[in-house]
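J.: Once you've had a glance at the structure underneath, I'll fire off some questions.
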Amino acid sequence: MVTTAQITEEVSYLEAISQALDEEMARDERVFLMGEDIGTYGGAFKITEGFLQKYGEWRVLDTPLAESGFVGAAIGAAMMGLRPVVEMQFADFISCAFDQITEVAAKNHYRWGAAVPMVIRAPFGGGVHGGPFHSECPEGWFFHSPGLKLVAPSTPYDAKGLLKAAIRDPNPVIYFEHKFLYRRIKSALPKEDFIVPLGKADVKRVGNDISVITYGAMVHLALDAAQALTKEGIDLEVVDLRTLIPLDKETIYSSVRKTSKVILLHEDNKTGGIGAEIAALLAEDCFDCLDGPIVRIAPPDTPVPFSPPLEEFFLPKASDIVSAARKLAAY
Amino acid sequence: MDVAAIAKEIKREDMLQMYHYLRLTRALEDRVTALYRQGRIVGGVYTSHGMEAIAVGYASALERDDVIAPYHRDMGAFLIRGFTTGEILAQYLGKRTGPTKGKDGNVHMGDLRRGVFGFVSHLADNLPVAAGAALAFKMRGESRVVFTGTGDGGSSRGDFHEAMNFAAVRKLPVVFFCNNNQYAYSTPLRLQMAIPNVVDRAKAYGIPGEIVDGNDVAAVYLAAKRAIAIAREGKGPTFLEFKTMRMHGHSEHDPAKYVPRELLEDWKKKDPILKAERLLGELGYGEESYFQRVAERVKSEVEAGVEFAEQSPLPEGPEMLEGVFADGADSY
C-alpha cells in the first residue's frame with residue numbers, strides 16, 4: 001500500500017488520525033476542532049494532545065456537554081466557510097446529535113442548496129469493555145439517512161488518508177474510528193501528503209474462494225480467519241469497504257463475481273445492518289453468480305454487554321468466520 | 001415609548017419602509033391563504049398573520065452581511081432579504097423557480113447568498129446552527145451578527161438551551177428571540193412552561209433579556225438594534241421575547257377552536273399594521289391616503305408574484321434525484 005520510499009516510522013491508527021488533523025489544520029486555516037475535553041485534556045483518547053498549545057482555544061474548541069448544540073454550531077460554521085471537525089467523545093453519544101445530523105446537516109444541501117462541509121469523528125466499536133454506552137456501532141442509523149457520507153477505516157494508512165479526504169469533502173462526513181484499533185495496529189506511512197478517496201473499497205487480501213466483505217476492526221478478524229484457513233486450502237478474499245456511503249458497489253460486485261460466495265461481516269448488530277443492505281444488493285444484482293447462500297456474521301440484536309464473557313460472546317470471532325467459510329466452501 | 005423618541009431614533013424612510021413590508025407580508029400571506037382555500041396550494045400554510053412586526057422589525061435592524069436563521073412565521077425577513085413575491089409563491093406552488101426548486105415547501109426556504117438559513121421544522125434546530133455561524137464570525141474577527149429565534153413551543157426543546165448556553169459561554173455575536181404567540185399548535189403557554197415569561201430563562205444563561213411588544217414594529221426594531229449592537233461589540237448574545245398572538249390556526253387547515261374568541265378579539269385591536277398606522281400618523285409620516293397607496297402597491301407586487309409563480313414550470317419528477325450531495329461549498 002505504501003508506494004513511496006519516503007516513509008515515516010511506524011505510526012499507530014490513533015497517531016495517524018492525530019497526524020491527519022494536525023496536517024489539515026496546518027494546511028487550511030479554516031479547519032478547526034470542536035468537542036468535549038479536546039483542548040486542555042487533549043481528548044478522551046489523547047488524539048488532540050498538544051493541539052491547544054499549537055492552534056489556540058478557538059481552533060481547538062472545548063464545548064459544553066451538549067452534542068446536539070455543538071454539532072448544530074459546526075453546521076452553522078461550515079455554512080459560513082469554516083471546516084469544522086467535531087469529536088464525539090464516544091460514538092454512542094452521537095444519538096444526542098441525531099436530529100442535527102439527519103435533519104439539518106444531511107438535508108440542507110438537498111433542500112436549499114447550502115453545502116455543509118464538516119466531519120464528525122465518532123470513536124466506535126467494542127472489545128474494550130466499554131459496556132452499552134461506550135461500545136456502540138451506530139453507523140446503521142446514518143447509513144439510512146441520505147445526504148451523509150460515512151467512513152470507517154481499518155488501518156493507519158486509511159485512517160489518515162480518509163480523514164484528510166473527509167475534511168476536504170464539501171459534505172457532512174461521519175468518520176467512524178475504531179477504538180479497539182487505536183493502539184493495537186501500526187504501520188509506516190508516506191511522509192508526503194496523501195488522501196484515500198471517499199467511496200473506494202480496498203481489497204485487503206486477494207483470494208479466490210469466498211469474499212468476506214467487511215469494515216473497521218472486523219477487517220483484521222477476517223484477515224486472521226483467512227490466515228487460519230490457508231492450511232485447509234480455503235482462499236478468502238477480504239474486501240474492506242472503507243467508505244460505507246458512497247458504497248463502492250463495483251468492488252463488491254467484482255469480488256463476488258470472482259468468488260461466487262460471500263460472507264458479510266460487521267460489528268454492528270445484525271438486523272437492518274450494513275450487511276443486510278449488501279445482501280439485498282447482491283441478491284438484486286449478482287444473483288446469477290452466487291454459488292451458495294449469502295452469509296451474514298454480526299452480533300445478535302442486543303445492546304453491547306459489559307462483562308468480558310458476555311461481550312466476547314456478543315462480538316464476532318475469527319472462528320465464526322472459519323466455520324462459516326467451511327460450510328460455504330462445501331457448496 | 002413616546003413619539004418624539006421614536007422620531008429621533010428611527011429614520012423616516014426606515015419607518016416607511018417597515019410599513020411597506022408589513023403591508024407586503026400581510027398581502028402576500030393573505031393571498032397565499034386564499035390560494036390554499038382554493039385548493040391551489042398543496043401542503044401546509046403557516047402564516048405570520050398578526051405577527052408581521054417581528055420579522056419586519058428585526059430584519060430591518062440588521063446590516064446586509066448579517067445572517068438570519070428565521071422562525072416559520074418570519075415572512076417579512078425573506079422579503080426584506082430580497083426574496084421576491086414570485087419566488088415565494090413559486091415555493092408555495094412547488095415550482096422549479098422557488099428557492100428550493102420544489103424540494104421543500106412553504107416557509108421551508110433559505111438562500112445562503114442572501115444570508116438566510118433554510119427553516120427546519122424541528123423547532124429550535126436552527127438556534128445552534130445560528131450560534132455556529134456567529135462562532136465563525138467571531139473566529140475570523142468579523143463584526144457580523146446572526147439573528148435567530150423560535151416560538152414559545154420551540155423554547156421547550158433542548159437545542160434552545162444548548163444554543164443559548166454555548167453562545168453565552170463563548171460570547172458569540174448572535175441574538176436569540178422568542179416569538180411568544182401563546183400557542184404551540186393547540187398547546188397553550190400554561191402547558192408549555194411554568195414561568196410567566198420565556199425571557200426569565202435569559203438569566204439562567206447569564207445573558208441580557210428583554211420583553212418587547214411584538215406587535216409594535218418600532219419597538220421590535222429598536223430592541224433588535226440594541227441587541228445587535230451588544231453582539232457587534234463582542235459582548236455576546238441577548239434574548240428578546242416578542243409578546244404577540246397567533247391570530248390564525250397553527251396552519252391554515254386548523255380553525256384553532258381551542259383559542260378563546262375573546263382573546264382574539266382583544267388582540268385584533270393590537271394588530272401590528274393598525275399600530276404602525278397610528279404611529280405613522282402621530283409622527284406625521286403618513287395618513288389614510290398614503291396607506292391606501294401602499295396597499296395598492298403591495299397588491300400589484302403580490303399579483304405579479306402570483307402570475308410569475310403560476311406561469312413557472314413545475315419540476316420534472318427525476319429532478320428529485322438531484323442535490324443530495326454537494327460538489328462544492330459556498331458561504332455567505
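How things are named: the first chain in the C-alpha cells is A, the next is B, and so on; residues count from 1 in each chain; ligands count from 1 in the order shown.
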Give me, as a PDB file with C-alpha atoms, in the first residue's frame, the residues of chain B touching chain A, with the criterion being at most 6 Å (counting only C-alpha atoms).
T.:
ATOM      1  CA  THR B 100     -35.834  25.156  -3.116  1.00  0.00           C
ATOM      2  CA  LYS B 103     -37.607  20.203  -2.979  1.00  0.00           C
ATOM      3  CA  ASP B 104     -39.333  21.747   0.010  1.00  0.00           C
ATOM      4  CA  GLY B 110     -33.433  29.714   2.508  1.00  0.00           C
ATOM      5  CA  PRO B 128     -27.342  26.055  17.480  1.00  0.00           C
ATOM      6  CA  VAL B 129     -26.718  26.461  13.746  1.00  0.00           C
ATOM      7  CA  ALA B 130     -27.065  30.217  14.128  1.00  0.00           C
ATOM      8  CA  ALA B 131     -24.683  30.141  17.088  1.00  0.00           C
ATOM      9  CA  GLY B 132     -22.194  28.309  14.857  1.00  0.00           C
ATOM     10  CA  ALA B 133     -22.434  30.981  12.166  1.00  0.00           C
ATOM     11  CA  ALA B 136     -17.361  31.681  12.502  1.00  0.00           C
ATOM     12  CA  ASP B 159     -31.487  22.801  21.215  1.00  0.00           C
ATOM     13  CA  GLU B 162     -27.839  24.182  24.143  1.00  0.00           C
ATOM     14  CA  ALA B 163     -27.595  27.070  21.692  1.00  0.00           C
ATOM     15  CA  GLY B 323     -28.627  17.626  -4.959  1.00  0.00           C
ATOM     16  CA  VAL B 324     -28.337  15.002  -2.215  1.00  0.00           C
ATOM     17  CA  PHE B 325     -24.597  15.672  -2.199  1.00  0.00           C
ATOM     18  CA  ALA B 326     -22.706  18.879  -2.898  1.00  0.00           C
ATOM     19  CA  GLY B 328     -18.514  22.276  -3.757  1.00  0.00           C
ATOM     20  CA  ALA B 329     -19.371  24.622  -0.916  1.00  0.00           C
ATOM     21  CA  SER B 331     -20.581  30.533   2.068  1.00  0.00           C
ATOM     22  CA  TYR B 332     -22.056  33.940   2.891  1.00  0.00           C
TER      23      TYR B 332
END
J.: With a distance cut-off of 6 Å and only C-alpha atoms, select the neighbouring residues of Ala53 in chain B, excluding the residue or stretch itself and same-chain residues fewer than 5 positions from it, and output the selection as a PDB file with N, CA and C atoms, in the first residue's frame.
T.:
ATOM      1  N   ASN B 215     -46.047  43.330  18.593  1.00  0.00           N
ATOM      2  CA  ASN B 215     -46.955  43.892  17.591  1.00  0.00           C
ATOM      3  C   ASN B 215     -46.615  45.341  17.260  1.00  0.00           C
ATOM      4  N   VAL B 217     -43.912  47.486  15.586  1.00  0.00           N
ATOM      5  CA  VAL B 217     -42.731  47.333  14.735  1.00  0.00           C
ATOM      6  C   VAL B 217     -41.585  48.239  15.193  1.00  0.00           C
ATOM      7  N   PRO B 272     -50.599  44.687  14.327  1.00  0.00           N
ATOM      8  CA  PRO B 272     -49.352  45.441  14.063  1.00  0.00           C
ATOM      9  C   PRO B 272     -49.480  46.475  12.945  1.00  0.00           C
TER      10      PRO B 272
END
J.: Got a sec to tell me which of range 58-229 of chain A DSSP assigns to alpha helix (DSSP H), as a ChimeraX atom specification?
T.: /A:67-79,98-99,106-112,139-143,156-168,218-229
J.: Only N, CA and C atoms, please: the residues just picked out, written as a compact mmCIF listing (two decimals), in the first residue's frame.
T.:
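After the write, out_37.txt holds the following:
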# COMPACT_ATOMS: atom_id res chain seq x y z
N GLU A 67 -24.01 17.64 22.73
CA GLU A 67 -23.66 17.17 21.39
C GLU A 67 -24.54 17.78 20.29
N SER A 68 -25.82 17.90 20.58
CA SER A 68 -26.69 18.50 19.57
C SER A 68 -26.28 19.95 19.32
N GLY A 69 -26.02 20.66 20.39
CA GLY A 69 -25.63 22.07 20.28
C GLY A 69 -24.36 22.26 19.49
N PHE A 70 -23.34 21.46 19.79
CA PHE A 70 -22.08 21.74 19.07
C PHE A 70 -22.06 21.15 17.67
N VAL A 71 -22.84 20.13 17.42
CA VAL A 71 -22.97 19.68 16.02
C VAL A 71 -23.73 20.75 15.23
N GLY A 72 -24.78 21.29 15.83
CA GLY A 72 -25.50 22.38 15.17
C GLY A 72 -24.58 23.55 14.90
N ALA A 73 -23.78 23.89 15.88
CA ALA A 73 -22.84 25.01 15.71
C ALA A 73 -21.84 24.73 14.60
N ALA A 74 -21.42 23.49 14.51
CA ALA A 74 -20.49 23.13 13.43
C ALA A 74 -21.15 23.31 12.07
N ILE A 75 -22.44 22.98 11.99
CA ILE A 75 -23.17 23.15 10.73
C ILE A 75 -23.17 24.63 10.33
N GLY A 76 -23.48 25.49 11.30
CA GLY A 76 -23.52 26.92 11.02
C GLY A 76 -22.15 27.46 10.62
N ALA A 77 -21.12 27.02 11.32
CA ALA A 77 -19.76 27.47 11.00
C ALA A 77 -19.35 26.98 9.61
N ALA A 78 -19.75 25.75 9.28
CA ALA A 78 -19.42 25.19 7.96
C ALA A 78 -20.08 26.02 6.86
N MET A 79 -21.33 26.41 7.09
CA MET A 79 -22.03 27.20 6.07
C MET A 79 -21.43 28.59 5.92
N PHE A 98 -28.43 13.33 16.92
CA PHE A 98 -29.04 12.66 15.77
C PHE A 98 -29.87 13.61 14.91
N ASP A 99 -30.68 14.41 15.58
CA ASP A 99 -31.56 15.34 14.87
C ASP A 99 -30.76 16.35 14.04
N ALA A 106 -27.73 16.68 6.96
CA ALA A 106 -27.95 15.77 5.83
C ALA A 106 -28.88 16.37 4.78
N LYS A 107 -29.83 17.20 5.21
CA LYS A 107 -30.85 17.66 4.26
C LYS A 107 -30.61 19.07 3.70
N ASN A 108 -29.69 19.81 4.32
CA ASN A 108 -29.53 21.22 3.92
C ASN A 108 -29.27 21.37 2.42
N HIS A 109 -28.32 20.64 1.91
CA HIS A 109 -27.97 20.85 0.51
C HIS A 109 -29.10 20.43 -0.41
N TYR A 110 -29.73 19.34 -0.09
CA TYR A 110 -30.84 18.87 -0.92
C TYR A 110 -31.98 19.88 -0.90
N ARG A 111 -32.31 20.39 0.29
CA ARG A 111 -33.47 21.28 0.43
C ARG A 111 -33.21 22.65 -0.16
N TRP A 112 -32.12 23.27 0.22
CA TRP A 112 -31.97 24.67 -0.20
C TRP A 112 -30.57 25.02 -0.70
N GLU A 139 -23.38 3.15 13.00
CA GLU A 139 -23.37 3.55 11.59
C GLU A 139 -24.66 3.22 10.85
N GLY A 140 -25.35 2.18 11.32
CA GLY A 140 -26.59 1.78 10.64
C GLY A 140 -27.63 2.88 10.61
N TRP A 141 -27.72 3.65 11.70
CA TRP A 141 -28.70 4.75 11.75
C TRP A 141 -28.46 5.74 10.61
N PHE A 142 -27.19 6.01 10.36
CA PHE A 142 -26.84 7.06 9.41
C PHE A 142 -26.73 6.53 7.98
N PHE A 143 -26.51 5.21 7.89
CA PHE A 143 -26.47 4.53 6.59
C PHE A 143 -27.80 4.74 5.86
N PRO A 156 -3.88 2.34 9.73
CA PRO A 156 -3.36 3.71 9.89
C PRO A 156 -3.34 4.48 8.56
N TYR A 157 -2.99 3.80 7.49
CA TYR A 157 -2.93 4.47 6.19
C TYR A 157 -4.31 5.00 5.79
N ASP A 158 -5.29 4.11 5.87
CA ASP A 158 -6.66 4.51 5.52
C ASP A 158 -7.19 5.55 6.50
N ALA A 159 -6.84 5.39 7.78
CA ALA A 159 -7.33 6.33 8.80
C ALA A 159 -6.86 7.74 8.46
N LYS A 160 -5.61 7.86 8.09
CA LYS A 160 -5.07 9.19 7.79
C LYS A 160 -5.63 9.72 6.46
N GLY A 161 -5.56 8.88 5.45
CA GLY A 161 -5.97 9.33 4.12
C GLY A 161 -7.46 9.62 4.02
N LEU A 162 -8.25 8.82 4.69
CA LEU A 162 -9.70 9.03 4.63
C LEU A 162 -10.11 10.26 5.45
N LEU A 163 -9.41 10.50 6.55
CA LEU A 163 -9.78 11.68 7.35
C LEU A 163 -9.44 12.96 6.58
N LYS A 164 -8.31 12.95 5.92
CA LYS A 164 -7.95 14.12 5.10
C LYS A 164 -8.97 14.32 3.98
N ALA A 165 -9.34 13.23 3.35
CA ALA A 165 -10.33 13.34 2.27
C ALA A 165 -11.67 13.83 2.82
N ALA A 166 -12.03 13.35 4.00
CA ALA A 166 -13.31 13.76 4.61
C ALA A 166 -13.31 15.25 4.92
N ILE A 167 -12.19 15.75 5.44
CA ILE A 167 -12.10 17.18 5.77
C ILE A 167 -12.19 18.03 4.50
N ARG A 168 -11.68 17.51 3.41
CA ARG A 168 -11.68 18.28 2.15
C ARG A 168 -12.98 18.11 1.37
N MET A 218 -13.30 -5.37 12.11
CA MET A 218 -13.60 -6.71 11.61
C MET A 218 -12.70 -7.10 10.44
N VAL A 219 -12.11 -6.12 9.79
CA VAL A 219 -11.18 -6.42 8.70
C VAL A 219 -10.05 -7.31 9.22
N HIS A 220 -9.57 -6.97 10.40
CA HIS A 220 -8.44 -7.72 10.97
C HIS A 220 -8.86 -9.13 11.38
N LEU A 221 -10.09 -9.24 11.84
CA LEU A 221 -10.64 -10.55 12.17
C LEU A 221 -10.72 -11.42 10.91
N ALA A 222 -11.16 -10.81 9.83
CA ALA A 222 -11.28 -11.53 8.56
C ALA A 222 -9.90 -11.97 8.06
N LEU A 223 -8.91 -11.09 8.24
CA LEU A 223 -7.55 -11.44 7.81
C LEU A 223 -6.99 -12.60 8.65
N ASP A 224 -7.30 -12.59 9.95
CA ASP A 224 -6.88 -13.69 10.83
C ASP A 224 -7.52 -15.00 10.37
N ALA A 225 -8.82 -14.93 10.08
CA ALA A 225 -9.54 -16.13 9.64
C ALA A 225 -8.96 -16.63 8.32
N ALA A 226 -8.65 -15.70 7.43
CA ALA A 226 -8.09 -16.07 6.13
C ALA A 226 -6.76 -16.80 6.31
N GLN A 227 -5.98 -16.29 7.24
CA GLN A 227 -4.69 -16.91 7.54
C GLN A 227 -4.89 -18.35 8.05
N ALA A 228 -5.83 -18.48 8.97
CA ALA A 228 -6.10 -19.80 9.56
C ALA A 228 -6.59 -20.79 8.50
N LEU A 229 -7.31 -20.30 7.51
CA LEU A 229 -7.91 -21.19 6.51
C LEU A 229 -6.95 -21.61 5.40
J.: Calculated over only C-alpha atoms, which of the candidates B:Phe137, B:Gly102, B:Tyr19, B:Phe83 has the smallest distance to Leu321 in chain B?
T.: B:Gly102
J.: Fewer than 5 positions away in the same chain doesn't count, so skip those; otherwise give me all residues within 7 Å of range 224-234 of chain B, counting only C-alpha atoms, as an MDAnalysis selection string.
T.: chainID B and resid 58 61 143:145 171 173:175
J.: Could you give me, as a list in words, the residues within 9 Å of Val120 in chain B, counting only C-alpha atoms and dropping anything in the same chain fewer than 3 positions from it?
T.: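 Near Val120 in chain B, the qualifying residues are Glu103 and Val104 of chain A; Tyr71, His72, His108, Met109, Phe117, Leu123, Ala124, Asp125 and Asn126 of chain B.
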J.: The selected residues should be written to file as a PDB file, in the first residue's frame (atoms: C-alpha atoms).
T.:
ATOM      1  CA  GLU A 103     -32.414  16.702   9.711  1.00  0.00           C
ATOM      2  CA  VAL A 104     -30.120  19.673   9.310  1.00  0.00           C
TER       3      VAL A 104
ATOM      4  CA  TYR B  71     -38.615  31.195  12.557  1.00  0.00           C
ATOM      5  CA  HIS B  72     -41.519  29.860  10.494  1.00  0.00           C
ATOM      6  CA  HIS B 108     -39.021  25.935   4.449  1.00  0.00           C
ATOM      7  CA  MET B 109     -36.758  28.001   2.241  1.00  0.00           C
ATOM      8  CA  PHE B 117     -30.791  29.936   6.527  1.00  0.00           C
ATOM      9  CA  LEU B 123     -38.254  23.884  16.051  1.00  0.00           C
ATOM     10  CA  ALA B 124     -35.154  25.385  17.621  1.00  0.00           C
ATOM     11  CA  ASP B 125     -32.876  23.281  15.375  1.00  0.00           C
ATOM     12  CA  ASN B 126     -31.553  26.410  13.737  1.00  0.00           C
TER      13      ASN B 126
END
J.: Please identify all polymer residues within 10 Å of Ala276 in chain B, counting only C-alpha atoms, omitting same-chain residues fewer than 3 positions from it, and present them as a list in words.
T.: Met15, Leu16, Met18, Tyr19, Leu22, Ala53, Asn215, Asp216, Val217, Ala218, Lys270, Asp271, Pro272, Ile273, Leu279, Leu280, Gly281 and Glu282 of chain B
J.: Go ahead and save the residues from that selection, with N, CA and C atoms, as a compact mmCIF listing (two decimals), in the first residue's frame.
T.:
# COMPACT_ATOMS: atom_id res chain seq x y z
N MET B 15 -38.94 53.91 8.83
CA MET B 15 -40.31 53.67 9.31
C MET B 15 -41.23 53.36 8.14
N LEU B 16 -41.10 54.16 7.08
CA LEU B 16 -41.99 53.97 5.93
C LEU B 16 -41.70 52.65 5.24
N MET B 18 -40.56 49.98 6.70
CA MET B 18 -41.10 48.90 7.54
C MET B 18 -42.61 48.78 7.35
N TYR B 19 -43.26 49.92 7.21
CA TYR B 19 -44.70 49.87 6.96
C TYR B 19 -44.98 49.16 5.64
N LEU B 22 -44.63 45.51 6.23
CA LEU B 22 -45.76 44.96 6.99
C LEU B 22 -46.93 44.68 6.05
N ALA B 53 -44.91 42.22 12.54
CA ALA B 53 -43.96 43.25 13.00
C ALA B 53 -42.64 42.66 13.49
N ASN B 215 -46.05 43.33 18.59
CA ASN B 215 -46.96 43.89 17.59
C ASN B 215 -46.61 45.34 17.26
N ASP B 216 -45.55 45.82 17.87
CA ASP B 216 -45.15 47.21 17.65
C ASP B 216 -43.82 47.20 16.88
N VAL B 217 -43.91 47.49 15.59
CA VAL B 217 -42.73 47.33 14.73
C VAL B 217 -41.59 48.24 15.19
N ALA B 218 -41.93 49.42 15.70
CA ALA B 218 -40.88 50.33 16.16
C ALA B 218 -40.18 49.76 17.39
N LYS B 270 -54.87 45.14 18.67
CA LYS B 270 -53.43 45.44 18.73
C LYS B 270 -52.72 45.02 17.44
N ASP B 271 -53.48 44.91 16.38
CA ASP B 271 -52.90 44.47 15.10
C ASP B 271 -51.67 45.32 14.74
N PRO B 272 -50.60 44.69 14.33
CA PRO B 272 -49.35 45.44 14.06
C PRO B 272 -49.48 46.48 12.95
N ILE B 273 -50.35 46.22 11.97
CA ILE B 273 -50.50 47.21 10.89
C ILE B 273 -51.27 48.43 11.41
N LEU B 279 -48.97 55.05 14.57
CA LEU B 279 -47.66 55.67 14.84
C LEU B 279 -47.24 56.59 13.68
N LEU B 280 -47.43 56.11 12.46
CA LEU B 280 -47.07 56.94 11.30
C LEU B 280 -47.86 58.24 11.30
N GLY B 281 -49.14 58.13 11.69
CA GLY B 281 -49.98 59.32 11.79
C GLY B 281 -49.43 60.29 12.83
N GLU B 282 -49.10 59.73 13.99
CA GLU B 282 -48.59 60.57 15.08
C GLU B 282 -47.25 61.22 14.71
J.: What gap, in Å, lies between CA of Tyr46 in chain B and CA of Ser251 in chain B?
T.: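 Separation between CA of Tyr46 in chain B and CA of Ser251 in chain B: 4.7 Å.
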J.: Measure the distance from CA of Gly151 in chain B to CA of Pro208 in chain B in Å and round it to one decimal.
T.: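 Computed distance, CA of Gly151 in chain B to CA of Pro208 in chain B, equals 18.5 Å.
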